[in-house]
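S.K.: Data file upload02.cif (mmCIF, C-alpha atoms and all ligand atoms) is appended below.
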data_work
#
loop_
_atom_site.label_atom_id
_atom_site.label_comp_id
_atom_site.auth_asym_id
_atom_site.auth_seq_id
_atom_site.Cartn_x
_atom_site.Cartn_y
_atom_site.Cartn_z
CA MET A 966 -1.76 -34.89 190.43
CA ALA A 967 -5.42 -34.83 189.41
CA ASP A 968 -8.22 -33.37 191.52
CA LEU A 969 -11.76 -34.67 191.41
CA LEU A 970 -14.51 -32.32 192.64
CA ILE A 971 -17.82 -33.94 193.45
CA GLY A 972 -21.24 -32.33 193.93
CA GLN A 973 -24.11 -31.12 191.81
CA VAL A 974 -22.61 -30.06 188.49
CA LEU A 975 -23.93 -27.45 186.07
CA GLN A 976 -22.52 -27.07 182.56
CA PHE A 977 -23.71 -25.68 179.24
CA THR A 978 -23.80 -27.46 175.90
CA GLY A 979 -25.32 -24.43 174.14
CA ASN A 980 -26.90 -21.04 174.78
CA PRO A 981 -30.16 -21.20 176.76
CA MET A 982 -31.08 -17.70 175.49
CA THR A 983 -31.51 -19.15 172.00
CA ASP A 984 -31.55 -22.94 172.46
CA GLY A 985 -33.74 -23.20 175.55
CA VAL A 986 -33.16 -24.82 178.91
CA GLU A 987 -31.91 -28.05 177.25
CA ALA A 988 -28.67 -26.16 176.59
CA ALA A 989 -27.89 -26.55 180.29
CA ARG A 990 -26.86 -29.95 181.68
CA HIS A 991 -27.23 -30.77 185.36
CA SER A 992 -26.01 -33.75 187.29
CA ALA A 993 -27.22 -34.25 190.88
CA ARG A 994 -24.10 -36.28 191.72
CA GLY A 995 -21.53 -35.21 189.18
CA GLY A 996 -17.81 -34.75 189.07
CA VAL A 997 -15.23 -32.46 187.55
CA LEU A 998 -11.74 -33.83 186.99
CA ILE A 999 -8.94 -31.26 186.99
CA GLU A 1000 -5.46 -31.86 185.59
CA ALA A 1001 -2.68 -29.32 185.12
CA GLY A 1002 -4.93 -26.31 185.66
CA HIS A 1003 -7.52 -27.44 183.12
CA ILE A 1004 -10.72 -29.42 183.19
CA ALA A 1005 -9.99 -32.92 181.92
CA GLU A 1006 -13.42 -34.53 182.26
CA VAL A 1007 -16.95 -33.78 183.43
CA GLY A 1008 -19.30 -36.65 184.19
CA GLU A 1009 -21.02 -38.72 186.84
CA ALA A 1010 -19.18 -38.84 190.17
CA ASP A 1011 -19.11 -42.63 190.45
CA ASP A 1012 -17.81 -43.11 186.91
CA LEU A 1013 -15.04 -40.58 187.40
CA ARG A 1014 -14.01 -42.07 190.75
CA ARG A 1015 -13.76 -45.50 189.20
CA ALA A 1016 -11.83 -44.29 186.17
CA HIS A 1017 -9.44 -42.11 188.24
CA PRO A 1018 -8.84 -43.86 191.56
CA GLN A 1019 -5.62 -41.89 192.08
CA ALA A 1020 -7.33 -38.47 191.90
CA LYS A 1021 -7.63 -36.45 195.09
CA VAL A 1022 -11.35 -36.17 195.83
CA THR A 1023 -13.03 -33.08 197.28
CA ASP A 1024 -16.67 -33.82 197.98
CA TYR A 1025 -18.90 -30.73 198.09
CA GLY A 1026 -22.04 -32.72 198.89
CA LYS A 1027 -25.16 -30.96 197.60
CA ALA A 1028 -23.39 -27.76 196.66
CA LEU A 1029 -23.43 -26.71 193.01
CA ILE A 1030 -20.16 -26.84 191.08
CA SER A 1031 -20.19 -24.19 188.35
CA ALA A 1032 -17.76 -22.32 186.19
CA GLY A 1033 -16.51 -19.26 188.07
CA PHE A 1034 -18.44 -16.08 187.39
CA VAL A 1035 -17.25 -13.63 184.75
CA ASP A 1036 -17.81 -9.89 185.20
CA ALA A 1037 -17.52 -8.20 181.81
CA HIS A 1038 -17.45 -4.51 182.87
CA VAL A 1039 -16.06 -3.12 186.12
CA HIS A 1040 -14.10 -0.16 187.41
CA TYR A 1041 -11.79 -1.56 190.08
CA PRO A 1042 -10.68 1.98 191.08
CA GLN A 1043 -14.26 2.69 192.18
CA THR A 1044 -14.17 -0.04 194.85
CA ALA A 1045 -13.92 2.33 197.81
CA MET A 1046 -16.69 4.70 196.64
CA ILE A 1047 -19.32 2.06 195.78
CA ALA A 1048 -22.83 2.95 197.00
CA SER A 1049 -22.41 6.74 196.86
CA TRP A 1050 -25.76 8.43 197.27
CA GLY A 1051 -28.09 10.50 195.22
CA LYS A 1052 -26.60 11.42 191.84
CA ARG A 1053 -27.14 10.59 188.21
CA LEU A 1054 -24.35 9.78 185.76
CA ILE A 1055 -22.59 13.07 185.01
CA ASP A 1056 -22.94 14.48 188.55
CA TRP A 1057 -22.01 11.09 189.97
CA LEU A 1058 -18.81 11.07 187.89
CA ASN A 1059 -17.88 14.63 188.93
CA SER A 1060 -18.86 14.35 192.60
CA TYR A 1061 -17.66 10.88 193.51
CA THR A 1062 -15.80 9.09 190.75
CA PHE A 1063 -13.24 11.58 189.52
CA PRO A 1064 -12.05 12.61 193.03
CA GLU A 1065 -11.57 8.92 193.90
CA GLU A 1066 -9.79 8.12 190.63
CA MET A 1067 -7.33 10.99 191.28
CA LYS A 1068 -5.98 9.04 194.24
CA PHE A 1069 -4.56 6.44 191.88
CA ALA A 1070 -1.66 8.72 191.05
CA ASP A 1071 -0.24 7.07 194.19
CA PRO A 1072 0.97 3.56 193.28
CA ALA A 1073 0.66 2.41 196.90
CA TYR A 1074 -3.02 3.35 196.96
CA ALA A 1075 -3.58 1.65 193.60
CA ALA A 1076 -1.94 -1.54 194.91
CA GLU A 1077 -4.03 -1.47 198.10
CA ILE A 1078 -7.31 -1.10 196.20
CA ALA A 1079 -6.37 -3.70 193.58
CA ALA A 1080 -5.73 -6.24 196.36
CA ARG A 1081 -8.97 -5.31 198.11
CA TYR A 1082 -10.87 -5.55 194.83
CA PHE A 1083 -9.67 -9.09 194.08
CA ASP A 1084 -10.40 -10.15 197.68
CA LEU A 1085 -13.98 -8.94 197.25
CA THR A 1086 -14.63 -10.38 193.80
CA LEU A 1087 -13.02 -13.77 194.45
CA SER A 1088 -14.98 -14.15 197.67
CA ASN A 1089 -18.08 -13.59 195.52
CA GLY A 1090 -17.10 -16.41 193.15
CA THR A 1091 -15.96 -14.09 190.34
CA THR A 1092 -12.87 -15.53 188.72
CA THR A 1093 -12.49 -13.17 185.73
CA VAL A 1094 -13.18 -9.45 185.41
CA CYS A 1095 -12.73 -6.92 182.62
CA SER A 1096 -11.80 -3.65 184.30
CA TYR A 1097 -11.25 -0.01 183.54
CA CYS A 1098 -8.27 1.44 185.40
CA THR A 1099 -7.62 5.20 185.76
CA ILE A 1100 -5.62 7.47 183.48
CA HIS A 1101 -2.52 6.62 185.54
CA PRO A 1102 -0.34 3.87 184.04
CA GLU A 1103 0.48 2.86 187.64
CA SER A 1104 -3.18 1.88 188.12
CA VAL A 1105 -2.85 -0.63 185.27
CA ASP A 1106 0.37 -2.07 186.67
CA ALA A 1107 -1.26 -2.40 190.09
CA PHE A 1108 -4.25 -4.29 188.66
CA PHE A 1109 -2.26 -6.71 186.52
CA THR A 1110 0.38 -7.29 189.20
CA GLU A 1111 -2.34 -8.36 191.63
CA ALA A 1112 -4.13 -10.49 189.02
CA GLU A 1113 -0.86 -12.22 188.12
CA ARG A 1114 -0.06 -12.88 191.77
CA ARG A 1115 -3.42 -14.63 192.18
CA GLY A 1116 -3.23 -16.48 188.86
CA VAL A 1117 -6.58 -15.24 187.58
CA ARG A 1118 -7.49 -14.62 183.95
CA ALA A 1119 -8.05 -10.85 183.80
CA PHE A 1120 -8.69 -8.05 181.32
CA ALA A 1121 -7.99 -4.33 181.82
CA GLY A 1122 -6.77 -1.13 180.26
CA LYS A 1123 -5.69 2.41 181.00
CA THR A 1124 -8.72 4.72 180.93
CA CYS A 1125 -8.07 7.56 178.49
CA MET A 1126 -9.61 11.05 178.85
CA ASP A 1127 -8.42 14.35 177.40
CA ARG A 1128 -11.39 16.66 178.03
CA ASN A 1129 -14.36 17.30 180.33
CA ALA A 1130 -12.54 15.87 183.32
CA PRO A 1131 -10.37 17.46 186.05
CA GLU A 1132 -6.91 18.53 184.91
CA ALA A 1133 -5.29 15.88 187.11
CA LEU A 1134 -7.26 13.17 185.31
CA THR A 1135 -6.52 14.10 181.73
CA ASP A 1136 -3.91 12.86 179.30
CA THR A 1137 -3.47 13.90 175.66
CA PRO A 1138 -4.01 12.03 172.39
CA ARG A 1139 -0.25 11.46 172.19
CA SER A 1140 0.34 10.40 175.81
CA ALA A 1141 -2.79 8.23 175.82
CA TYR A 1142 -1.49 6.42 172.75
CA ASP A 1143 2.08 6.09 174.03
CA ASP A 1144 1.14 5.00 177.56
CA SER A 1145 -1.52 2.57 176.35
CA LYS A 1146 0.88 1.07 173.81
CA ARG A 1147 3.61 0.61 176.41
CA LEU A 1148 1.18 -1.04 178.84
CA LEU A 1149 -0.25 -3.20 176.07
CA GLU A 1150 3.19 -4.42 175.09
CA LYS A 1151 3.99 -5.13 178.73
CA TRP A 1152 0.83 -7.02 179.70
CA GLN A 1153 -1.04 -8.35 176.66
CA GLY A 1154 -0.79 -12.14 176.56
CA ARG A 1155 1.48 -12.33 179.61
CA GLY A 1156 0.23 -15.44 181.45
CA ARG A 1157 -3.53 -15.11 181.77
CA LEU A 1158 -3.64 -11.35 181.25
CA SER A 1159 -5.13 -9.33 178.40
CA TYR A 1160 -4.85 -5.62 177.67
CA VAL A 1161 -7.99 -3.74 176.63
CA VAL A 1162 -7.87 -0.45 174.68
CA THR A 1163 -9.96 1.85 176.90
CA PRO A 1164 -11.23 5.30 175.88
CA ARG A 1165 -13.65 6.11 178.75
CA PHE A 1166 -16.46 7.47 176.54
CA SER A 1167 -16.93 10.06 173.80
CA PRO A 1168 -17.69 13.01 176.13
CA THR A 1169 -14.23 12.73 177.74
CA SER A 1170 -12.20 12.15 174.57
CA THR A 1171 -11.53 14.63 171.78
CA PRO A 1172 -11.88 13.37 168.21
CA GLU A 1173 -8.06 13.37 168.10
CA GLN A 1174 -7.88 11.05 171.09
CA LEU A 1175 -10.56 8.72 169.74
CA GLU A 1176 -8.58 8.57 166.50
CA ALA A 1177 -5.37 7.73 168.37
CA MET A 1178 -7.20 4.93 170.25
CA GLY A 1179 -8.59 3.64 166.96
CA ALA A 1180 -5.09 3.59 165.49
CA LEU A 1181 -3.72 1.65 168.47
CA TRP A 1182 -6.53 -0.89 168.30
CA LYS A 1183 -5.96 -1.34 164.58
CA GLU A 1184 -2.31 -2.17 165.26
CA HIS A 1185 -3.40 -4.74 167.89
CA PRO A 1186 -6.61 -6.35 166.64
CA ASP A 1187 -6.08 -9.27 169.02
CA CYS A 1188 -6.92 -6.91 171.91
CA LEU A 1189 -10.42 -6.00 173.01
CA MET A 1190 -11.63 -2.38 173.09
CA GLN A 1191 -14.01 -1.20 175.82
CA THR A 1192 -16.02 1.98 176.31
CA HIS A 1193 -19.48 3.26 177.33
CA LEU A 1194 -22.48 3.77 175.05
CA SER A 1195 -25.92 5.37 175.54
CA GLU A 1196 -26.25 4.95 179.30
CA GLN A 1197 -28.43 7.99 180.11
CA THR A 1198 -30.55 10.33 177.99
CA ASP A 1199 -28.66 13.48 179.14
CA GLU A 1200 -25.42 11.81 178.15
CA VAL A 1201 -26.75 10.92 174.69
CA ALA A 1202 -27.87 14.54 174.18
CA TRP A 1203 -24.44 15.77 175.31
CA VAL A 1204 -22.70 13.49 172.82
CA LYS A 1205 -24.96 14.84 170.05
CA SER A 1206 -23.91 18.39 170.95
CA LEU A 1207 -20.21 17.47 171.07
CA PHE A 1208 -20.32 15.67 167.69
CA PRO A 1209 -23.06 17.56 165.78
CA THR A 1210 -22.11 16.21 162.36
CA LEU A 1211 -22.14 12.52 163.29
CA ARG A 1212 -25.17 10.26 162.89
CA ASP A 1213 -25.52 9.00 166.45
CA TYR A 1214 -23.54 8.04 169.59
CA LEU A 1215 -22.18 4.83 168.05
CA ASP A 1216 -20.91 6.87 165.10
CA THR A 1217 -18.56 8.74 167.49
CA TYR A 1218 -16.75 5.41 167.88
CA GLU A 1219 -17.29 4.07 164.38
CA GLN A 1220 -15.78 7.13 162.66
CA PHE A 1221 -12.55 6.72 164.62
CA GLY A 1222 -12.00 3.01 164.13
CA LEU A 1223 -13.51 2.01 167.48
CA LEU A 1224 -16.21 -0.32 166.21
CA GLY A 1225 -15.65 -3.93 165.28
CA PRO A 1226 -15.66 -7.44 166.65
CA GLY A 1227 -13.91 -7.28 170.00
CA ALA A 1228 -15.54 -3.95 170.92
CA LEU A 1229 -17.34 -3.96 174.27
CA PHE A 1230 -20.01 -1.33 174.86
CA GLY A 1231 -21.14 -0.87 178.45
CA HIS A 1232 -24.84 -0.14 179.10
CA ALA A 1233 -26.23 0.37 175.53
CA ILE A 1234 -29.71 1.33 176.76
CA TYR A 1235 -30.81 4.17 174.48
CA LEU A 1236 -29.95 2.78 171.05
CA GLU A 1237 -31.36 4.05 167.78
CA PRO A 1238 -32.34 1.51 165.10
CA ARG A 1239 -29.19 2.18 163.06
CA GLU A 1240 -27.05 1.54 166.10
CA VAL A 1241 -28.85 -1.70 166.91
CA ASP A 1242 -28.37 -2.95 163.34
CA ARG A 1243 -24.76 -1.88 163.08
CA LEU A 1244 -23.80 -3.45 166.43
CA LYS A 1245 -25.29 -6.73 165.25
CA GLU A 1246 -23.65 -6.50 161.86
CA VAL A 1247 -20.15 -6.18 163.32
CA ASP A 1248 -20.92 -8.59 166.19
CA ALA A 1249 -19.76 -6.16 168.89
CA SER A 1250 -20.59 -6.97 172.53
CA LEU A 1251 -23.21 -5.18 174.60
CA ILE A 1252 -22.58 -5.34 178.33
CA HIS A 1253 -25.65 -5.29 180.54
CA CYS A 1254 -25.01 -3.68 183.94
CA PRO A 1255 -28.36 -4.00 185.71
CA THR A 1256 -27.48 -2.94 189.28
CA SER A 1257 -25.75 0.13 187.90
CA ASN A 1258 -28.58 0.98 185.54
CA THR A 1259 -31.07 1.02 188.39
CA PHE A 1260 -28.71 2.55 190.99
CA ILE A 1261 -27.61 5.55 188.87
CA GLY A 1262 -31.12 5.76 187.43
CA SER A 1263 -30.11 5.02 183.85
CA GLY A 1264 -32.89 2.82 182.50
CA LEU A 1265 -33.91 -0.66 181.41
CA PHE A 1266 -31.69 -2.62 179.00
CA ASP A 1267 -33.66 -4.37 176.26
CA MET A 1268 -32.49 -7.92 176.98
CA ASP A 1269 -35.44 -9.51 175.19
CA GLY A 1270 -35.14 -7.56 171.94
CA LEU A 1271 -31.36 -7.61 171.76
CA SER A 1272 -31.03 -11.31 172.56
CA ARG A 1273 -33.74 -12.20 170.04
CA SER A 1274 -31.87 -10.29 167.35
CA GLY A 1275 -28.77 -12.31 168.17
CA HIS A 1276 -26.63 -9.56 169.69
CA ARG A 1277 -23.62 -10.70 171.70
CA ILE A 1278 -24.49 -9.81 175.31
CA GLY A 1279 -22.47 -9.95 178.51
CA LEU A 1280 -23.42 -9.38 182.13
CA ALA A 1281 -21.53 -7.13 184.54
CA THR A 1282 -21.59 -5.42 187.91
CA ASP A 1283 -20.11 -2.08 186.71
CA THR A 1284 -18.78 -1.48 190.22
CA GLY A 1285 -18.79 1.19 191.67
CA GLY A 1286 -21.68 2.56 189.51
CA GLY A 1287 -23.15 -0.84 190.16
CA SER A 1288 -24.13 -1.35 193.77
CA SER A 1289 -22.71 -4.83 194.37
CA PHE A 1290 -19.61 -6.95 193.80
CA SER A 1291 -21.81 -10.03 193.63
CA ILE A 1292 -22.74 -11.64 190.33
CA LEU A 1293 -25.59 -13.42 192.12
CA ARG A 1294 -27.02 -10.01 193.03
CA THR A 1295 -26.39 -8.90 189.45
CA MET A 1296 -28.34 -11.89 188.07
CA ALA A 1297 -31.20 -10.93 190.41
CA ALA A 1298 -31.16 -7.37 189.08
CA ALA A 1299 -31.08 -8.65 185.49
CA TYR A 1300 -34.13 -10.74 186.30
CA GLU A 1301 -35.97 -7.76 187.83
CA VAL A 1302 -35.12 -5.42 184.95
CA ALA A 1303 -36.27 -8.01 182.40
CA GLN A 1304 -39.49 -8.48 184.39
CA LEU A 1305 -40.17 -4.75 184.09
CA ARG A 1306 -39.87 -5.22 180.32
CA GLY A 1307 -42.17 -8.24 180.35
CA ARG A 1308 -39.66 -11.06 179.80
CA PRO A 1309 -38.89 -13.35 182.76
CA LEU A 1310 -35.35 -14.68 182.29
CA HIS A 1311 -35.05 -18.36 183.15
CA PRO A 1312 -32.46 -19.30 185.81
CA SER A 1313 -30.51 -21.18 183.12
CA GLU A 1314 -30.37 -17.98 181.05
CA LEU A 1315 -29.24 -15.90 184.04
CA TRP A 1316 -26.53 -18.43 184.96
CA TRP A 1317 -25.37 -18.61 181.35
CA LEU A 1318 -25.16 -14.81 181.11
CA ALA A 1319 -23.04 -14.76 184.29
CA THR A 1320 -20.60 -17.39 183.05
CA GLN A 1321 -20.43 -18.52 179.43
CA GLY A 1322 -22.32 -15.49 178.05
CA ALA A 1323 -20.06 -12.98 179.79
CA ALA A 1324 -17.01 -15.00 178.68
CA ARG A 1325 -18.38 -14.97 175.13
CA SER A 1326 -18.77 -11.19 175.28
CA LEU A 1327 -15.03 -11.09 176.07
CA ARG A 1328 -14.35 -13.63 173.30
CA ALA A 1329 -12.86 -15.93 175.90
CA ASP A 1330 -15.60 -18.57 175.93
CA GLY A 1331 -13.21 -21.18 174.56
CA ARG A 1332 -11.17 -20.84 177.75
CA ILE A 1333 -13.39 -19.79 180.64
CA GLY A 1334 -17.04 -19.63 181.68
CA ASN A 1335 -17.99 -23.30 181.35
CA LEU A 1336 -17.18 -26.72 182.74
CA ALA A 1337 -15.97 -28.77 179.78
CA PRO A 1338 -12.83 -30.67 178.83
CA GLY A 1339 -10.03 -28.31 177.86
CA MET A 1340 -11.43 -25.28 179.68
CA GLU A 1341 -9.32 -23.55 182.30
CA ALA A 1342 -10.28 -24.78 185.77
CA ASP A 1343 -11.85 -21.60 187.22
CA ILE A 1344 -14.67 -22.84 189.39
CA ALA A 1345 -17.20 -21.52 191.91
CA VAL A 1346 -18.88 -23.92 194.30
CA ILE A 1347 -22.24 -22.56 195.39
CA ASP A 1348 -24.21 -23.55 198.50
CA LEU A 1349 -27.88 -23.57 197.49
CA ALA A 1350 -29.00 -23.32 201.14
CA SER A 1351 -26.66 -20.59 202.43
CA THR A 1352 -29.15 -18.74 204.64
CA PRO A 1353 -32.30 -19.85 206.47
CA ALA A 1354 -34.48 -17.89 204.05
CA ILE A 1355 -32.89 -19.52 201.02
CA ALA A 1356 -32.73 -22.98 202.59
CA GLN A 1357 -36.43 -23.11 203.48
CA ARG A 1358 -37.35 -22.15 199.92
CA SER A 1359 -34.93 -24.41 198.05
CA GLU A 1360 -35.91 -27.32 200.27
CA ARG A 1361 -39.26 -27.64 198.52
CA ALA A 1362 -37.80 -27.24 195.01
CA LYS A 1363 -39.06 -29.71 192.45
CA ASP A 1364 -36.12 -29.39 190.08
CA ILE A 1365 -32.65 -27.88 189.88
CA TRP A 1366 -33.89 -24.53 188.56
CA GLU A 1367 -36.30 -24.07 191.43
CA ALA A 1368 -33.42 -25.00 193.74
CA VAL A 1369 -31.05 -22.48 192.13
CA PHE A 1370 -33.42 -19.53 191.76
CA PRO A 1371 -33.69 -18.59 195.48
CA THR A 1372 -29.89 -18.32 195.57
CA ILE A 1373 -29.93 -16.14 192.44
CA MET A 1374 -32.50 -13.83 194.02
CA MET A 1375 -31.32 -13.81 197.65
CA GLY A 1376 -27.76 -15.14 197.63
CA ASP A 1377 -24.52 -13.30 198.29
CA ASP A 1378 -20.93 -14.16 199.20
CA ARG A 1379 -22.18 -16.45 201.97
CA ALA A 1380 -23.31 -18.82 199.21
CA VAL A 1381 -19.79 -19.17 197.82
CA THR A 1382 -18.44 -22.33 199.42
CA ALA A 1383 -15.20 -22.60 197.45
CA VAL A 1384 -13.39 -21.01 194.54
CA TRP A 1385 -10.80 -22.67 192.33
CA VAL A 1386 -8.52 -20.59 190.13
CA GLY A 1387 -6.45 -22.23 187.41
CA GLY A 1388 -7.00 -25.63 188.99
CA ARG A 1389 -6.05 -24.58 192.51
CA PRO A 1390 -8.35 -23.97 195.48
CA LEU A 1391 -8.18 -20.53 197.11
N1 LIG B 1 -19.60 6.54 181.78
C1 LIG B 1 -18.35 7.04 181.72
N2 LIG B 1 -17.63 6.68 182.81
C2 LIG B 1 -18.43 5.91 183.55
C3 LIG B 1 -18.24 5.22 184.79
O1 LIG B 1 -17.20 5.26 185.42
N3 LIG B 1 -19.32 4.52 185.25
C4 LIG B 1 -20.49 4.46 184.57
N4 LIG B 1 -21.50 3.74 185.08
N5 LIG B 1 -20.69 5.10 183.43
C5 LIG B 1 -19.67 5.82 182.93
ZN ZN B 2 -18.55 1.60 183.36
#
What does the file become when written as structure tokens?
M.R.:
Amino acid sequence: MADLLIGQVLQFTGNPMTDGVEAARHSARGGVLIEAGHIAEVGEADDLRRAHPQAKVTDYGKALISAGFVDAHVHYPQTAMIASWGKRLIDWLNSYTFPEEMKFADPAYAAEIAARYFDLTLSNGTTTVCSYCTIHPESVDAFFTEAERRGVRAFAGKTCMDRNAPEALTDTPRSAYDDSKRLLEKWQGRGRLSYVVTPRFSPTSTPEQLEAMGALWKEHPDCLMQTHLSEQTDEVAWVKSLFPTLRDYLDTYEQFGLLGPGALFGHAIYLEPREVDRLKEVDASLIHCPTSNTFIGSGLFDMDGLSRSGHRIGLATDTGGGSSFSILRTMAAAYEVAQLRGRPLHPSELWWLATQGAARSLRADGRIGNLAPGMEADIAVIDLASTPAIAQRSERAKDIWEAVFPTIMMGDDRAVTAVWVGGRPL
């Protein structure tokens, strides 16, 4: 049976970052028709009602029907240690992150946190995430088992590390390859799940391990590859000292077969000109993690320059380095960071980055991240008056963008009225 959702509807016909605000289409009384888990039609509510009298109608009134949010870089195992105080990247990893990740040797703990993580993200309107797991294969099974149970489209991989981490959190080039390959063969393409080749970052992988990851990715070019790049200046200097003969940080991936389309680089703040050019040339994805970059004190991503040059850019929370599970909060941080660099991002650009842009960074924009015929029906319904502070501001809005922006800046999970996953309401 078909479902017809009615409300304000927001969809994209292009990329507002390059094509302007006209690339977003808004209907004040629109409808989204869902059939067999997919979007069948998007149009005016009255037209769709007339054409599909048998469809079951859910009327969301003035709430905004949008594609579900897509979070292109997260660490689900860091859920329970989010908002840990006072450290910068390397100390933060050693003090908070690694001790927490060690707990994932216990499959029961991994299952508990995976369930908690999906509860939190879905209640924030996030319908797809791309996650790091821990070095434990059990942490990958826990994540995908939970994602499969809930029917969400999800991306993840076993984090690989064979140096500069506690003994209990290290694998070897051989075991990283073997375990990753086994997990890849088990999960890649099963239902809505995708495996991601995941070396954590160059400081925690030997050249031998990076080479093994490059070999695995080469054998499975349909998979994505995710890692971290140039997040903090100390980290960049450390990478230079670990790989003294290589040209730059990106070269530590490039030399081992870890650069290409389908590569996702988290943070990418301190890039040298060669790196900027090379990333564009191969059309790799840069993942902007604004709440993390301010929380851990990393720096200000160059959204203006990198979007102008046509780089493929996604948006992400980077929980638990990021300080929120909410993509609304993440859009607000992206706005603030861009302001500090002199480029106010338009609400249509922020919303695109959080949906279609993030999906595009995962090369899944043909399936998720937009409301259009043929897309999978992952939907977030957003109340644009969810708190008194937001309501009194959006009330005097003169257009849809002025009505949406207070929710971007001040909204949280209270704004998420409903979430649909694969054509079914949660
Ligand atoms: N670099 C390497 N590992 C991590 C991580 O877990 N979080 C962040 N923010 N940066 C990293
Ligand atoms: Zn990260």
S.K.: Counting only C-alpha atoms and all ligand atoms, what are the residues of chain A within 8 Å of ligand LIG 1 (chain B), and for each of them which pair of atoms is the nearest and at what distance in Å, to one decimal? Sort the table by chain and rising number, as JSON lines.
M.R.:
{"residue": "A:His1040", "atom": "CA", "partner": "B:LIG1", "partner_atom": "O1", "distance": 6.6}
{"residue": "A:Gln1043", "atom": "CA", "partner": "B:LIG1", "partner_atom": "O1", "distance": 7.8}
{"residue": "A:Leu1054", "atom": "CA", "partner": "B:LIG1", "partner_atom": "N5", "distance": 6.4}
{"residue": "A:Ile1055", "atom": "CA", "partner": "B:LIG1", "partner_atom": "N1", "distance": 7.9}
{"residue": "A:Leu1058", "atom": "CA", "partner": "B:LIG1", "partner_atom": "O1", "distance": 6.5}
{"residue": "A:Thr1062", "atom": "CA", "partner": "B:LIG1", "partner_atom": "O1", "distance": 6.7}
{"residue": "A:Arg1165", "atom": "CA", "partner": "B:LIG1", "partner_atom": "C1", "distance": 5.6}
{"residue": "A:Phe1166", "atom": "CA", "partner": "B:LIG1", "partner_atom": "C1", "distance": 5.5}
{"residue": "A:Thr1192", "atom": "CA", "partner": "B:LIG1", "partner_atom": "C1", "distance": 7.8}
{"residue": "A:His1193", "atom": "CA", "partner": "B:LIG1", "partner_atom": "N1", "distance": 5.5}
{"residue": "A:Leu1194", "atom": "CA", "partner": "B:LIG1", "partner_atom": "N1", "distance": 7.8}
{"residue": "A:Glu1196", "atom": "CA", "partner": "B:LIG1", "partner_atom": "N5", "distance": 6.9}
{"residue": "A:Gly1231", "atom": "CA", "partner": "B:LIG1", "partner_atom": "N5", "distance": 7.8}
{"residue": "A:His1232", "atom": "CA", "partner": "B:LIG1", "partner_atom": "N4", "distance": 7.9}
{"residue": "A:Ser1257", "atom": "CA", "partner": "B:LIG1", "partner_atom": "N4", "distance": 6.2}
{"residue": "A:Asn1258", "atom": "CA", "partner": "B:LIG1", "partner_atom": "N4", "distance": 7.6}
{"residue": "A:Ile1261", "atom": "CA", "partner": "B:LIG1", "partner_atom": "N4", "distance": 7.4}
{"residue": "A:Asp1283", "atom": "CA", "partner": "B:LIG1", "partner_atom": "N4", "distance": 6.2}
{"residue": "A:Thr1284", "atom": "CA", "partner": "B:LIG1", "partner_atom": "N3", "distance": 7.8}
{"residue": "A:Gly1285", "atom": "CA", "partner": "B:LIG1", "partner_atom": "N3", "distance": 7.3}
{"residue": "A:Gly1286", "atom": "CA", "partner": "B:LIG1", "partner_atom": "N4", "distance": 4.6}
{"residue": "A:Gly1287", "atom": "CA", "partner": "B:LIG1", "partner_atom": "N4", "distance": 7.0}
S.K.: Write a file of the selected residues as a short mmCIF file (atom, residue, chain, number, x, y, z; two decimals), in the coordinates of the input, keeping C-alpha atoms.
M.R.:
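Final output, out_3.cif:
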data_model
loop_
_atom_site.label_atom_id
_atom_site.label_comp_id
_atom_site.auth_asym_id
_atom_site.auth_seq_id
_atom_site.Cartn_x
_atom_site.Cartn_y
_atom_site.Cartn_z
CA HIS A 1040 -14.10 -0.16 187.41
CA GLN A 1043 -14.26 2.69 192.18
CA LEU A 1054 -24.35 9.78 185.76
CA ILE A 1055 -22.59 13.07 185.01
CA LEU A 1058 -18.81 11.07 187.89
CA THR A 1062 -15.80 9.09 190.75
CA ARG A 1165 -13.65 6.11 178.75
CA PHE A 1166 -16.46 7.47 176.54
CA THR A 1192 -16.02 1.98 176.31
CA HIS A 1193 -19.48 3.26 177.33
CA LEU A 1194 -22.48 3.77 175.05
CA GLU A 1196 -26.25 4.95 179.30
CA GLY A 1231 -21.14 -0.87 178.45
CA HIS A 1232 -24.84 -0.14 179.10
CA SER A 1257 -25.75 0.13 187.90
CA ASN A 1258 -28.58 0.98 185.54
CA ILE A 1261 -27.61 5.55 188.87
CA ASP A 1283 -20.11 -2.08 186.71
CA THR A 1284 -18.78 -1.48 190.22
CA GLY A 1285 -18.79 1.19 191.67
CA GLY A 1286 -21.68 2.56 189.51
CA GLY A 1287 -23.15 -0.84 190.16
#
S.K.: Please tabulate, as CSV, the residues of segment 1185-1295 of chain A that come within 9 Å of segment 1355-1378 of chain A, each with its closest pair of atoms and the distance in Å to one decimal, counting all atoms listed in the file and ordering rows by chain, then residue number upward.
M.R.:
residue,atom,partner,partner_atom,distance
A:Ser1291,CA,A:Asp1377,CA,6.3
A:Ile1292,CA,A:Asp1377,CA,8.3
A:Leu1293,CA,A:Ile1373,CA,5.1
A:Arg1294,CA,A:Asp1377,CA,6.7
A:Thr1295,CA,A:Ile1373,CA,8.6
S.K.: What does the distance between atom CA of Met1340 of chain A and atom CA of Gly1002 of chain A come to in Å, to one decimal place?
M.R.: 8.9 Å
S.K.: Please identify all polymer residues within 7 Å of segment 1141-1148 of chain A, counting only C-alpha atoms, omitting same-chain residues fewer than 4 positions from it, and present them as a tab-separated table (two decimals) with C-alpha atoms, keeping the file's coordinate frame.
M.R.:
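See out-v8.tsv below for the written result:
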chain	number	residue	atom	x	y	z
A	1102	PRO	CA	-0.34	3.87	184.04
A	1123	LYS	CA	-5.69	2.41	181.00
A	1125	CYS	CA	-8.07	7.56	178.49
A	1136	ASP	CA	-3.91	12.86	179.30
A	1137	THR	CA	-3.47	13.90	175.66
A	1152	TRP	CA	0.83	-7.02	179.70
A	1177	ALA	CA	-5.37	7.73	168.37
A	1178	MET	CA	-7.20	4.93	170.25
A	1181	LEU	CA	-3.72	1.65	168.47
